[in-house]
file my_file-v4.pdb (PDB, C-alpha atoms and all ligand atoms)
ATOM      1  CA  MET S 213      45.200 -64.128 113.183  1.00  0.00           C
ATOM      2  CA  LYS S 214      43.068 -61.745 115.281  1.00  0.00           C
ATOM      3  CA  LYS S 215      40.058 -63.413 116.825  1.00  0.00           C
ATOM      4  CA  ILE S 216      36.495 -62.166 116.953  1.00  0.00           C
ATOM      5  CA  LEU S 217      33.978 -63.639 119.355  1.00  0.00           C
ATOM      6  CA  LEU S 218      30.647 -63.726 117.500  1.00  0.00           C
ATOM      7  CA  THR S 219      27.668 -64.619 119.657  1.00  0.00           C
ATOM      8  CA  GLY S 220      24.038 -65.368 118.850  1.00  0.00           C
ATOM      9  CA  PHE S 221      21.073 -66.653 120.816  1.00  0.00           C
ATOM     10  CA  VAL S 222      18.852 -69.716 120.930  1.00  0.00           C
ATOM     11  CA  PRO S 223      15.127 -69.279 120.114  1.00  0.00           C
ATOM     12  CA  PHE S 224      13.044 -67.467 122.760  1.00  0.00           C
ATOM     13  CA  LEU S 225       9.455 -66.436 123.491  1.00  0.00           C
ATOM     14  CA  ASP S 226       7.238 -67.046 120.445  1.00  0.00           C
ATOM     15  CA  ASN S 227      10.125 -67.298 117.966  1.00  0.00           C
ATOM     16  CA  PRO S 228      10.549 -70.987 117.032  1.00  0.00           C
ATOM     17  CA  ILE S 229      13.906 -70.213 115.408  1.00  0.00           C
ATOM     18  CA  ASN S 230      16.538 -67.560 115.968  1.00  0.00           C
ATOM     19  CA  PRO S 231      18.386 -66.543 112.763  1.00  0.00           C
ATOM     20  CA  THR S 232      21.375 -65.402 114.849  1.00  0.00           C
ATOM     21  CA  GLU S 233      21.957 -69.028 115.872  1.00  0.00           C
ATOM     22  CA  GLU S 234      22.389 -70.120 112.242  1.00  0.00           C
ATOM     23  CA  ILE S 235      24.667 -67.176 111.381  1.00  0.00           C
ATOM     24  CA  VAL S 236      26.963 -67.972 114.290  1.00  0.00           C
ATOM     25  CA  GLN S 237      27.075 -71.678 113.439  1.00  0.00           C
ATOM     26  CA  GLU S 238      27.753 -70.952 109.753  1.00  0.00           C
ATOM     27  CA  LEU S 239      30.542 -68.460 110.454  1.00  0.00           C
ATOM     28  CA  HIS S 240      32.239 -70.430 113.277  1.00  0.00           C
ATOM     29  CA  LYS S 241      35.896 -71.111 112.388  1.00  0.00           C
ATOM     30  CA  LYS S 242      35.624 -69.123 109.135  1.00  0.00           C
ATOM     31  CA  SER S 243      37.758 -66.078 108.530  1.00  0.00           C
ATOM     32  CA  VAL S 244      36.499 -62.713 107.289  1.00  0.00           C
ATOM     33  CA  ASN S 245      38.758 -59.734 106.543  1.00  0.00           C
ATOM     34  CA  GLY S 246      41.645 -61.305 108.481  1.00  0.00           C
ATOM     35  CA  TRP S 247      39.494 -62.094 111.523  1.00  0.00           C
ATOM     36  CA  GLU S 248      39.167 -65.665 112.748  1.00  0.00           C
ATOM     37  CA  ILE S 249      35.600 -66.130 113.938  1.00  0.00           C
ATOM     38  CA  VAL S 250      34.798 -67.972 117.146  1.00  0.00           C
ATOM     39  CA  GLY S 251      31.028 -68.496 117.143  1.00  0.00           C
ATOM     40  CA  GLU S 252      29.044 -69.175 120.324  1.00  0.00           C
ATOM     41  CA  VAL S 253      25.301 -69.543 120.781  1.00  0.00           C
ATOM     42  CA  LEU S 254      24.122 -68.177 124.130  1.00  0.00           C
ATOM     43  CA  PRO S 255      21.128 -69.230 126.237  1.00  0.00           C
ATOM     44  CA  VAL S 256      18.285 -66.791 126.932  1.00  0.00           C
ATOM     45  CA  ASP S 257      18.650 -66.892 130.718  1.00  0.00           C
ATOM     46  CA  PHE S 258      19.202 -63.818 132.897  1.00  0.00           C
ATOM     47  CA  HIS S 259      20.925 -65.879 135.599  1.00  0.00           C
ATOM     48  CA  VAL S 260      23.603 -67.590 133.514  1.00  0.00           C
ATOM     49  CA  THR S 261      24.100 -65.871 130.139  1.00  0.00           C
ATOM     50  CA  GLY S 262      26.152 -62.879 131.334  1.00  0.00           C
ATOM     51  CA  ASP S 263      28.578 -64.989 133.393  1.00  0.00           C
ATOM     52  CA  HIS S 264      28.897 -67.418 130.510  1.00  0.00           C
ATOM     53  CA  LEU S 265      29.812 -64.583 128.149  1.00  0.00           C
ATOM     54  CA  VAL S 266      32.396 -63.200 130.579  1.00  0.00           C
ATOM     55  CA  GLU S 267      33.977 -66.678 130.851  1.00  0.00           C
ATOM     56  CA  LEU S 268      34.102 -66.881 127.054  1.00  0.00           C
ATOM     57  CA  ILE S 269      35.836 -63.504 126.822  1.00  0.00           C
ATOM     58  CA  HIS S 270      38.639 -64.774 129.066  1.00  0.00           C
ATOM     59  CA  LYS S 271      38.826 -68.185 127.393  1.00  0.00           C
ATOM     60  CA  VAL S 272      38.795 -66.978 123.763  1.00  0.00           C
ATOM     61  CA  GLN S 273      40.735 -63.714 124.369  1.00  0.00           C
ATOM     62  CA  PRO S 274      39.302 -62.012 121.280  1.00  0.00           C
ATOM     63  CA  SER S 275      40.322 -58.601 119.943  1.00  0.00           C
ATOM     64  CA  ALA S 276      36.676 -57.858 119.099  1.00  0.00           C
ATOM     65  CA  ILE S 277      33.231 -59.023 120.177  1.00  0.00           C
ATOM     66  CA  ILE S 278      30.080 -58.749 118.103  1.00  0.00           C
ATOM     67  CA  SER S 279      26.974 -60.075 119.777  1.00  0.00           C
ATOM     68  CA  LEU S 280      23.899 -60.673 117.656  1.00  0.00           C
ATOM     69  CA  GLY S 281      20.251 -60.818 118.593  1.00  0.00           C
ATOM     70  CA  LEU S 282      16.928 -61.106 116.839  1.00  0.00           C
ATOM     71  CA  ALA S 283      14.713 -58.013 116.932  1.00  0.00           C
ATOM     72  CA  ALA S 284      11.576 -59.501 115.382  1.00  0.00           C
ATOM     73  CA  GLY S 285       9.648 -56.669 113.748  1.00  0.00           C
ATOM     74  CA  ARG S 286      12.601 -54.455 112.803  1.00  0.00           C
ATOM     75  CA  ASN S 287      13.029 -53.929 109.073  1.00  0.00           C
ATOM     76  CA  ARG S 288      16.789 -53.323 108.899  1.00  0.00           C
ATOM     77  CA  ILE S 289      20.152 -54.291 110.351  1.00  0.00           C
ATOM     78  CA  THR S 290      20.586 -52.199 113.489  1.00  0.00           C
ATOM     79  CA  PRO S 291      23.962 -51.821 115.213  1.00  0.00           C
ATOM     80  CA  GLU S 292      23.176 -50.712 118.754  1.00  0.00           C
ATOM     81  CA  ARG S 293      24.636 -47.503 120.177  1.00  0.00           C
ATOM     82  CA  ILE S 294      24.182 -48.083 123.917  1.00  0.00           C
ATOM     83  CA  ALA S 295      23.559 -50.689 126.621  1.00  0.00           C
ATOM     84  CA  ILE S 296      21.774 -49.680 129.839  1.00  0.00           C
ATOM     85  CA  ASN S 297      22.170 -51.029 133.379  1.00  0.00           C
ATOM     86  CA  CYS S 298      18.706 -52.551 133.581  1.00  0.00           C
ATOM     87  CA  ASN S 299      17.002 -55.924 133.209  1.00  0.00           C
ATOM     88  CA  ASP S 300      13.386 -55.758 132.117  1.00  0.00           C
ATOM     89  CA  GLY S 301      10.928 -57.358 129.755  1.00  0.00           C
ATOM     90  CA  PRO S 302       9.134 -60.675 129.444  1.00  0.00           C
ATOM     91  CA  VAL S 303      10.142 -64.037 130.947  1.00  0.00           C
ATOM     92  CA  ASP S 304      13.396 -65.647 129.841  1.00  0.00           C
ATOM     93  CA  ASN S 305      13.652 -69.292 128.737  1.00  0.00           C
ATOM     94  CA  GLN S 306      13.826 -70.412 132.383  1.00  0.00           C
ATOM     95  CA  GLY S 307      10.638 -68.555 133.318  1.00  0.00           C
ATOM     96  CA  TYR S 308      12.409 -65.703 135.138  1.00  0.00           C
ATOM     97  CA  LYS S 309      10.712 -62.321 134.704  1.00  0.00           C
ATOM     98  CA  PRO S 310      13.004 -59.323 135.262  1.00  0.00           C
ATOM     99  CA  ASP S 311      11.553 -56.285 137.034  1.00  0.00           C
ATOM    100  CA  GLY S 312      13.740 -53.320 136.110  1.00  0.00           C
ATOM    101  CA  GLU S 313      16.607 -54.303 138.431  1.00  0.00           C
ATOM    102  CA  LYS S 314      20.190 -53.265 137.741  1.00  0.00           C
ATOM    103  CA  ILE S 315      22.483 -55.665 135.896  1.00  0.00           C
ATOM    104  CA  ILE S 316      25.473 -54.597 138.038  1.00  0.00           C
ATOM    105  CA  THR S 317      24.424 -53.027 141.372  1.00  0.00           C
ATOM    106  CA  ASP S 318      27.043 -50.279 141.424  1.00  0.00           C
ATOM    107  CA  GLY S 319      27.758 -50.242 137.675  1.00  0.00           C
ATOM    108  CA  PRO S 320      27.425 -47.157 135.476  1.00  0.00           C
ATOM    109  CA  ASP S 321      24.048 -46.347 133.922  1.00  0.00           C
ATOM    110  CA  GLY S 322      25.215 -47.224 130.435  1.00  0.00           C
ATOM    111  CA  TYR S 323      28.038 -48.087 128.078  1.00  0.00           C
ATOM    112  CA  PHE S 324      28.447 -47.000 124.481  1.00  0.00           C
ATOM    113  CA  SER S 325      29.340 -49.573 121.825  1.00  0.00           C
ATOM    114  CA  SER S 326      33.010 -49.456 120.836  1.00  0.00           C
ATOM    115  CA  LEU S 327      32.271 -50.927 117.400  1.00  0.00           C
ATOM    116  CA  PRO S 328      32.479 -48.638 114.334  1.00  0.00           C
ATOM    117  CA  ILE S 329      28.667 -48.462 114.112  1.00  0.00           C
ATOM    118  CA  LYS S 330      28.487 -45.484 111.716  1.00  0.00           C
ATOM    119  CA  LYS S 331      30.924 -47.143 109.318  1.00  0.00           C
ATOM    120  CA  MET S 332      28.934 -50.379 109.536  1.00  0.00           C
ATOM    121  CA  VAL S 333      25.670 -48.658 108.579  1.00  0.00           C
ATOM    122  CA  LYS S 334      27.365 -46.821 105.715  1.00  0.00           C
ATOM    123  CA  GLU S 335      29.018 -49.964 104.367  1.00  0.00           C
ATOM    124  CA  LEU S 336      25.789 -51.963 104.623  1.00  0.00           C
ATOM    125  CA  GLU S 337      23.870 -49.263 102.753  1.00  0.00           C
ATOM    126  CA  ASN S 338      26.630 -48.999 100.119  1.00  0.00           C
ATOM    127  CA  LYS S 339      26.207 -52.714  99.530  1.00  0.00           C
ATOM    128  CA  GLY S 340      22.427 -52.432  99.236  1.00  0.00           C
ATOM    129  CA  ILE S 341      21.427 -53.656 102.683  1.00  0.00           C
ATOM    130  CA  PRO S 342      19.015 -51.478 104.702  1.00  0.00           C
ATOM    131  CA  ALA S 343      20.623 -50.478 108.011  1.00  0.00           C
ATOM    132  CA  LYS S 344      20.291 -47.873 110.753  1.00  0.00           C
ATOM    133  CA  ILE S 345      21.900 -47.164 114.110  1.00  0.00           C
ATOM    134  CA  SER S 346      19.544 -48.077 116.951  1.00  0.00           C
ATOM    135  CA  ASN S 347      19.549 -45.985 120.110  1.00  0.00           C
ATOM    136  CA  THR S 348      18.026 -48.698 122.254  1.00  0.00           C
ATOM    137  CA  ALA S 349      18.845 -52.367 122.595  1.00  0.00           C
ATOM    138  CA  GLY S 350      15.841 -52.718 124.936  1.00  0.00           C
ATOM    139  CA  ALA S 351      16.328 -54.127 128.436  1.00  0.00           C
ATOM    140  CA  TYR S 352      16.064 -57.852 127.701  1.00  0.00           C
ATOM    141  CA  LEU S 353      18.878 -60.379 127.154  1.00  0.00           C
ATOM    142  CA  CYS S 354      20.468 -58.552 124.211  1.00  0.00           C
ATOM    143  CA  ASN S 355      21.000 -55.380 126.198  1.00  0.00           C
ATOM    144  CA  HIS S 356      22.160 -57.579 129.103  1.00  0.00           C
ATOM    145  CA  VAL S 357      24.988 -59.263 127.155  1.00  0.00           C
ATOM    146  CA  MET S 358      26.057 -55.993 125.537  1.00  0.00           C
ATOM    147  CA  TYR S 359      26.281 -54.377 128.982  1.00  0.00           C
ATOM    148  CA  ARG S 360      28.076 -57.320 130.613  1.00  0.00           C
ATOM    149  CA  ALA S 361      30.741 -57.505 127.892  1.00  0.00           C
ATOM    150  CA  LEU S 362      31.421 -53.746 127.927  1.00  0.00           C
ATOM    151  CA  HIS S 363      31.477 -53.713 131.736  1.00  0.00           C
ATOM    152  CA  GLU S 364      34.012 -56.556 131.876  1.00  0.00           C
ATOM    153  CA  ILE S 365      36.191 -54.820 129.273  1.00  0.00           C
ATOM    154  CA  GLU S 366      36.060 -51.573 131.274  1.00  0.00           C
ATOM    155  CA  GLN S 367      36.712 -53.240 134.648  1.00  0.00           C
ATOM    156  CA  GLN S 368      39.598 -55.387 133.435  1.00  0.00           C
ATOM    157  CA  LYS S 369      40.988 -52.708 131.094  1.00  0.00           C
ATOM    158  CA  LEU S 370      40.880 -55.123 128.162  1.00  0.00           C
ATOM    159  CA  ASP S 371      41.823 -54.049 124.660  1.00  0.00           C
ATOM    160  CA  ILE S 372      38.675 -55.318 122.928  1.00  0.00           C
ATOM    161  CA  PHE S 373      36.153 -53.588 120.658  1.00  0.00           C
ATOM    162  CA  SER S 374      32.684 -54.712 121.630  1.00  0.00           C
ATOM    163  CA  GLY S 375      29.053 -54.124 120.810  1.00  0.00           C
ATOM    164  CA  PHE S 376      25.781 -55.514 119.626  1.00  0.00           C
ATOM    165  CA  ILE S 377      23.843 -55.816 116.368  1.00  0.00           C
ATOM    166  CA  HIS S 378      20.127 -56.554 116.264  1.00  0.00           C
ATOM    167  CA  ILE S 379      18.893 -58.223 113.086  1.00  0.00           C
ATOM    168  CA  PRO S 380      15.392 -58.602 111.621  1.00  0.00           C
ATOM    169  CA  ALA S 381      13.572 -61.904 111.207  1.00  0.00           C
ATOM    170  CA  SER S 382      14.539 -64.352 108.461  1.00  0.00           C
ATOM    171  CA  HIS S 383      11.914 -65.297 105.858  1.00  0.00           C
ATOM    172  CA  LYS S 384      11.583 -68.691 107.593  1.00  0.00           C
ATOM    173  CA  LEU S 385      10.650 -67.005 110.859  1.00  0.00           C
ATOM    174  CA  ALA S 386       8.258 -64.614 109.103  1.00  0.00           C
ATOM    175  CA  LEU S 387       6.304 -67.581 107.745  1.00  0.00           C
ATOM    176  CA  THR S 388       4.819 -68.029 111.215  1.00  0.00           C
ATOM    177  CA  ASN S 389       4.774 -64.365 112.218  1.00  0.00           C
ATOM    178  CA  ASN S 390       3.506 -61.312 110.339  1.00  0.00           C
ATOM    179  CA  ILE S 391       6.763 -59.332 110.433  1.00  0.00           C
ATOM    180  CA  PRO S 392       9.344 -57.834 108.034  1.00  0.00           C
ATOM    181  CA  SER S 393      12.031 -60.308 106.989  1.00  0.00           C
ATOM    182  CA  PHE S 394      15.364 -60.773 105.195  1.00  0.00           C
ATOM    183  CA  ALA S 395      16.749 -63.839 103.426  1.00  0.00           C
ATOM    184  CA  GLN S 396      18.975 -65.761 105.858  1.00  0.00           C
ATOM    185  CA  LYS S 397      21.895 -65.458 103.413  1.00  0.00           C
ATOM    186  CA  ASP S 398      21.509 -61.661 103.372  1.00  0.00           C
ATOM    187  CA  LEU S 399      21.453 -61.548 107.170  1.00  0.00           C
ATOM    188  CA  GLN S 400      24.696 -63.522 107.192  1.00  0.00           C
ATOM    189  CA  ARG S 401      26.241 -61.353 104.478  1.00  0.00           C
ATOM    190  CA  ALA S 402      25.318 -58.260 106.484  1.00  0.00           C
ATOM    191  CA  ILE S 403      27.251 -59.585 109.473  1.00  0.00           C
ATOM    192  CA  GLU S 404      30.243 -60.415 107.271  1.00  0.00           C
ATOM    193  CA  ILE S 405      30.137 -56.808 105.992  1.00  0.00           C
ATOM    194  CA  CYS S 406      30.068 -55.540 109.597  1.00  0.00           C
ATOM    195  CA  ILE S 407      33.089 -57.704 110.471  1.00  0.00           C
ATOM    196  CA  GLY S 408      34.761 -56.280 107.369  1.00  0.00           C
ATOM    197  CA  CYS S 409      34.462 -52.800 108.949  1.00  0.00           C
ATOM    198  CA  LEU S 410      36.761 -53.739 111.841  1.00  0.00           C
ATOM    199  CA  ASP S 411      40.412 -52.666 111.505  1.00  0.00           C
TER
HETATM  200  N1  LIG K 501      16.821 -61.250 121.003  1.00  0.00           N
HETATM  201  C1  LIG K 501      16.418 -60.903 122.344  1.00  0.00           C
HETATM  202  C2  LIG K 501      17.114 -61.880 123.242  1.00  0.00           C
HETATM  203  C3  LIG K 501      17.574 -62.975 122.363  1.00  0.00           C
HETATM  204  C4  LIG K 501      17.472 -62.436 121.002  1.00  0.00           C
HETATM  205  O1  LIG K 501      17.910 -62.998 119.957  1.00  0.00           O
HETATM  206  C5  LIG K 501      16.613 -59.427 122.671  1.00  0.00           C
HETATM  207  O2  LIG K 501      16.477 -58.591 121.761  1.00  0.00           O
HETATM  208  O3  LIG K 501      16.869 -59.062 123.807  1.00  0.00           O
END

call {"tool": "encode", "arguments": {"input": "my_file-v4.pdb", "output": "structure tokens"}}
result
Amino acid sequence: MKKILLTGFVPFLDNPINPTEEIVQELHKKSVNGWEIVGEVLPVDFHVTGDHLVELIHKVQPSAIISLGLAAGRNRITPERIAINCNDGPVDNQGYKPDGEKIITDGPDGYFSSLPIKKMVKELENKGIPAKISNTAGAYLCNHVMYRALHEIEQQKLDIFSGFIHIPASHKLALTNNIPSFAQKDLQRAIEICIGCLD
């Protein structure tokens, strides 16, 4: 069976939970639409997360990668269009504060997602889940992992579809934060629908 590497993140900043962590744990070893899911939860650490993801790509040898991240405050499921060659934003979980430096010194400015993002948005909406393509994944860890995966695929000429989906907060997270939220089960279903869009 074809394998998909599905990644999420641990909690970070003022988010005591990260709904992507639970989705990845729930879907690990399950199969959706003929894809065997290998779930991995990544640290929020500019110095180790990218290398860790690249190691996982070579270890798991997936045919597709979907990385997930929390975008607290967004009100819909947002497949990302592009990753940029830049680290910026607040401190990571190790206290490192990026300052706009490049992710890969001589890397290209950006990479487009190779996931079927338009189809994903259409399918989500058809199934009653609010969704929209996002034209910026920011410059924090989510953008970082999206860029690192696409760069590795390009450099090594790997035959892997790859990209990133930001999700809104779960209701549990919104209890402590005044932000829009989805039921955790709907967040998970949305990701299953996105996996269902892969050929
Ligand atoms: N969201 C952050 C990093 C970890 C996560 O879940 C981001 O949007 O960059």

call {"tool": "atom_distance", "arguments": {"input": "my_file-v4.pdb", "atom1": "atom CA of S:Val253", "atom2": "atom CA of S:Leu225"}}
result
16.4 Å

call {"tool": "resolve_selection", "arguments": {"input": "my_file-v4.pdb", "expression": "the PyMOL selection byres (((not hetatm)) within 10 of (chain K and resi 501))", "output": "PyMOL selection string"}}
result
chain S and resi 219-225+227+229-233+253-257+279-284+299-302+304-305+349-358+377-381

call {"tool": "atom_distance", "arguments": {"input": "my_file-v4.pdb", "atom1": "atom CA of S:Thr388", "atom2": "atom CA of S:Pro228"}}
result
8.7 Å

call {"tool": "closest_residue", "arguments": {"input": "my_file-v4.pdb", "among": "S:Ala361, S:Val236, S:Asn389, S:Ile289", "to": "S:Lys344", "atoms": "only C-alpha atoms"}}
result
S:Ile289

call {"tool": "residues_around", "arguments": {"input": "my_file-v4.pdb", "residues": "S:His270", "least_positions_apart": "4", "cutoff": "12 Å", "atoms": "only C-alpha atoms", "output": "list of chain:residue names"}}
result
S:Leu217, S:Asp263, S:His264, S:Leu265, S:Val266, S:Pro274, S:Ser275, S:Ile277, S:Ala361, S:Glu364, S:Ile365, S:Gln368, S:Leu370, S:Ile372

call {"tool": "resolve_selection", "arguments": {"input": "my_file-v4.pdb", "expression": "the PyMOL selection byres (((chain S and resi 293) around 9) and not hetatm)", "output": "PyMOL selection string"}}
result
chain S and resi 291-292+294-295+323-327+329+345-349+375-376

call {"tool": "write_last_selection", "arguments": {"input": "my_file-v4.pdb", "atoms": "C-alpha atoms", "output": "PDB file, in the frame of the given file"}}
result
ATOM      1  CA  PRO S 291      23.962 -51.821 115.213  1.00  0.00           C
ATOM      2  CA  GLU S 292      23.176 -50.712 118.754  1.00  0.00           C
ATOM      3  CA  ILE S 294      24.182 -48.083 123.917  1.00  0.00           C
ATOM      4  CA  ALA S 295      23.559 -50.689 126.621  1.00  0.00           C
ATOM      5  CA  TYR S 323      28.038 -48.087 128.078  1.00  0.00           C
ATOM      6  CA  PHE S 324      28.447 -47.000 124.481  1.00  0.00           C
ATOM      7  CA  SER S 325      29.340 -49.573 121.825  1.00  0.00           C
ATOM      8  CA  SER S 326      33.010 -49.456 120.836  1.00  0.00           C
ATOM      9  CA  LEU S 327      32.271 -50.927 117.400  1.00  0.00           C
ATOM     10  CA  ILE S 329      28.667 -48.462 114.112  1.00  0.00           C
ATOM     11  CA  ILE S 345      21.900 -47.164 114.110  1.00  0.00           C
ATOM     12  CA  SER S 346      19.544 -48.077 116.951  1.00  0.00           C
ATOM     13  CA  ASN S 347      19.549 -45.985 120.110  1.00  0.00           C
ATOM     14  CA  THR S 348      18.026 -48.698 122.254  1.00  0.00           C
ATOM     15  CA  ALA S 349      18.845 -52.367 122.595  1.00  0.00           C
ATOM     16  CA  GLY S 375      29.053 -54.124 120.810  1.00  0.00           C
ATOM     17  CA  PHE S 376      25.781 -55.514 119.626  1.00  0.00           C
TER      18      PHE S 376
END

call {"tool": "atom_distance", "arguments": {"input": "my_file-v4.pdb", "atom1": "atom CA of S:Lys369", "atom2": "atom CA of S:Thr261"}}
result
21.4 Å

call {"tool": "resolve_selection", "arguments": {"input": "my_file-v4.pdb", "expression": "the PyMOL selection byres (((chain S and resi 314) around 9) and not hetatm)", "output": "list in words"}}
result
Ile296, Asn297, Cys298, Asn299, Gly312, Glu313, Ile315, Ile316, Thr317, Asp318, Gly319 and Asp321 of chain S

call {"tool": "closest_residue", "arguments": {"input": "my_file-v4.pdb", "among": "S:Pro342, S:Glu238, S:Ala276, S:Gly251", "to": "S:Ser393", "atoms": "only C-alpha atoms"}}
result
S:Pro342

call {"tool": "build_atoms", "arguments": {"input": "my_file-v4.pdb", "residues": "stretch 334-353 of chain S", "atoms": "N, CA, C and O atoms", "output": "compact mmCIF listing (two decimals), in the frame of the given file"}}
result
# COMPACT_ATOMS: atom_id res chain seq x y z
N LYS S 334 27.01 -47.36 107.02
CA LYS S 334 27.36 -46.82 105.72
C LYS S 334 27.74 -47.95 104.75
O LYS S 334 27.27 -47.99 103.60
N GLU S 335 28.57 -48.85 105.21
CA GLU S 335 29.02 -49.96 104.37
C GLU S 335 27.85 -50.86 103.97
O GLU S 335 27.75 -51.33 102.84
N LEU S 336 26.96 -51.13 104.92
CA LEU S 336 25.79 -51.96 104.62
C LEU S 336 24.94 -51.29 103.55
O LEU S 336 24.55 -51.92 102.56
N GLU S 337 24.69 -49.98 103.73
CA GLU S 337 23.87 -49.26 102.75
C GLU S 337 24.56 -49.23 101.39
O GLU S 337 23.91 -49.41 100.36
N ASN S 338 25.88 -49.01 101.39
CA ASN S 338 26.63 -49.00 100.12
C ASN S 338 26.47 -50.33 99.39
O ASN S 338 26.53 -50.38 98.17
N LYS S 339 26.31 -51.40 100.16
CA LYS S 339 26.21 -52.71 99.53
C LYS S 339 24.75 -53.14 99.37
O LYS S 339 24.44 -54.30 99.11
N GLY S 340 23.84 -52.18 99.54
CA GLY S 340 22.43 -52.43 99.24
C GLY S 340 21.63 -53.09 100.35
O GLY S 340 20.54 -53.63 100.11
N ILE S 341 22.15 -53.03 101.57
CA ILE S 341 21.43 -53.66 102.68
C ILE S 341 20.89 -52.57 103.62
O ILE S 341 21.68 -51.77 104.17
N PRO S 342 19.57 -52.51 103.82
CA PRO S 342 19.02 -51.48 104.70
C PRO S 342 19.56 -51.60 106.13
O PRO S 342 19.60 -52.69 106.70
N ALA S 343 20.00 -50.47 106.68
CA ALA S 343 20.62 -50.48 108.01
C ALA S 343 20.41 -49.13 108.68
O ALA S 343 20.18 -48.12 108.00
N LYS S 344 20.48 -49.13 110.00
CA LYS S 344 20.29 -47.87 110.75
C LYS S 344 20.86 -48.09 112.15
O LYS S 344 20.71 -49.19 112.71
N ILE S 345 21.47 -47.05 112.71
CA ILE S 345 21.90 -47.16 114.11
C ILE S 345 20.65 -47.19 114.98
O ILE S 345 19.70 -46.44 114.73
N SER S 346 20.64 -48.05 115.99
CA SER S 346 19.54 -48.08 116.95
C SER S 346 20.03 -47.45 118.25
O SER S 346 21.15 -47.73 118.70
N ASN S 347 19.18 -46.63 118.85
CA ASN S 347 19.55 -45.98 120.11
C ASN S 347 19.01 -46.72 121.32
O ASN S 347 19.13 -46.24 122.44
N THR S 348 18.40 -47.87 121.10
CA THR S 348 18.03 -48.70 122.25
C THR S 348 18.05 -50.17 121.91
O THR S 348 17.43 -50.63 120.95
N ALA S 349 18.78 -50.91 122.74
CA ALA S 349 18.84 -52.37 122.60
C ALA S 349 17.79 -53.02 123.49
O ALA S 349 17.80 -54.23 123.70
N GLY S 350 16.86 -52.19 124.03
CA GLY S 350 15.84 -52.72 124.94
C GLY S 350 16.44 -52.95 126.32
O GLY S 350 17.45 -52.33 126.70
N ALA S 351 15.82 -53.83 127.09
CA ALA S 351 16.33 -54.13 128.44
C ALA S 351 16.31 -55.64 128.68
O ALA S 351 16.40 -56.09 129.83
N TYR S 352 16.16 -56.38 127.59
CA TYR S 352 16.06 -57.85 127.70
C TYR S 352 17.48 -58.45 127.55
O TYR S 352 18.47 -57.77 127.82
N LEU S 353 17.59 -59.69 127.15
CA LEU S 353 18.88 -60.38 127.15
C LEU S 353 19.93 -59.74 126.25
O LEU S 353 21.13 -59.80 126.53
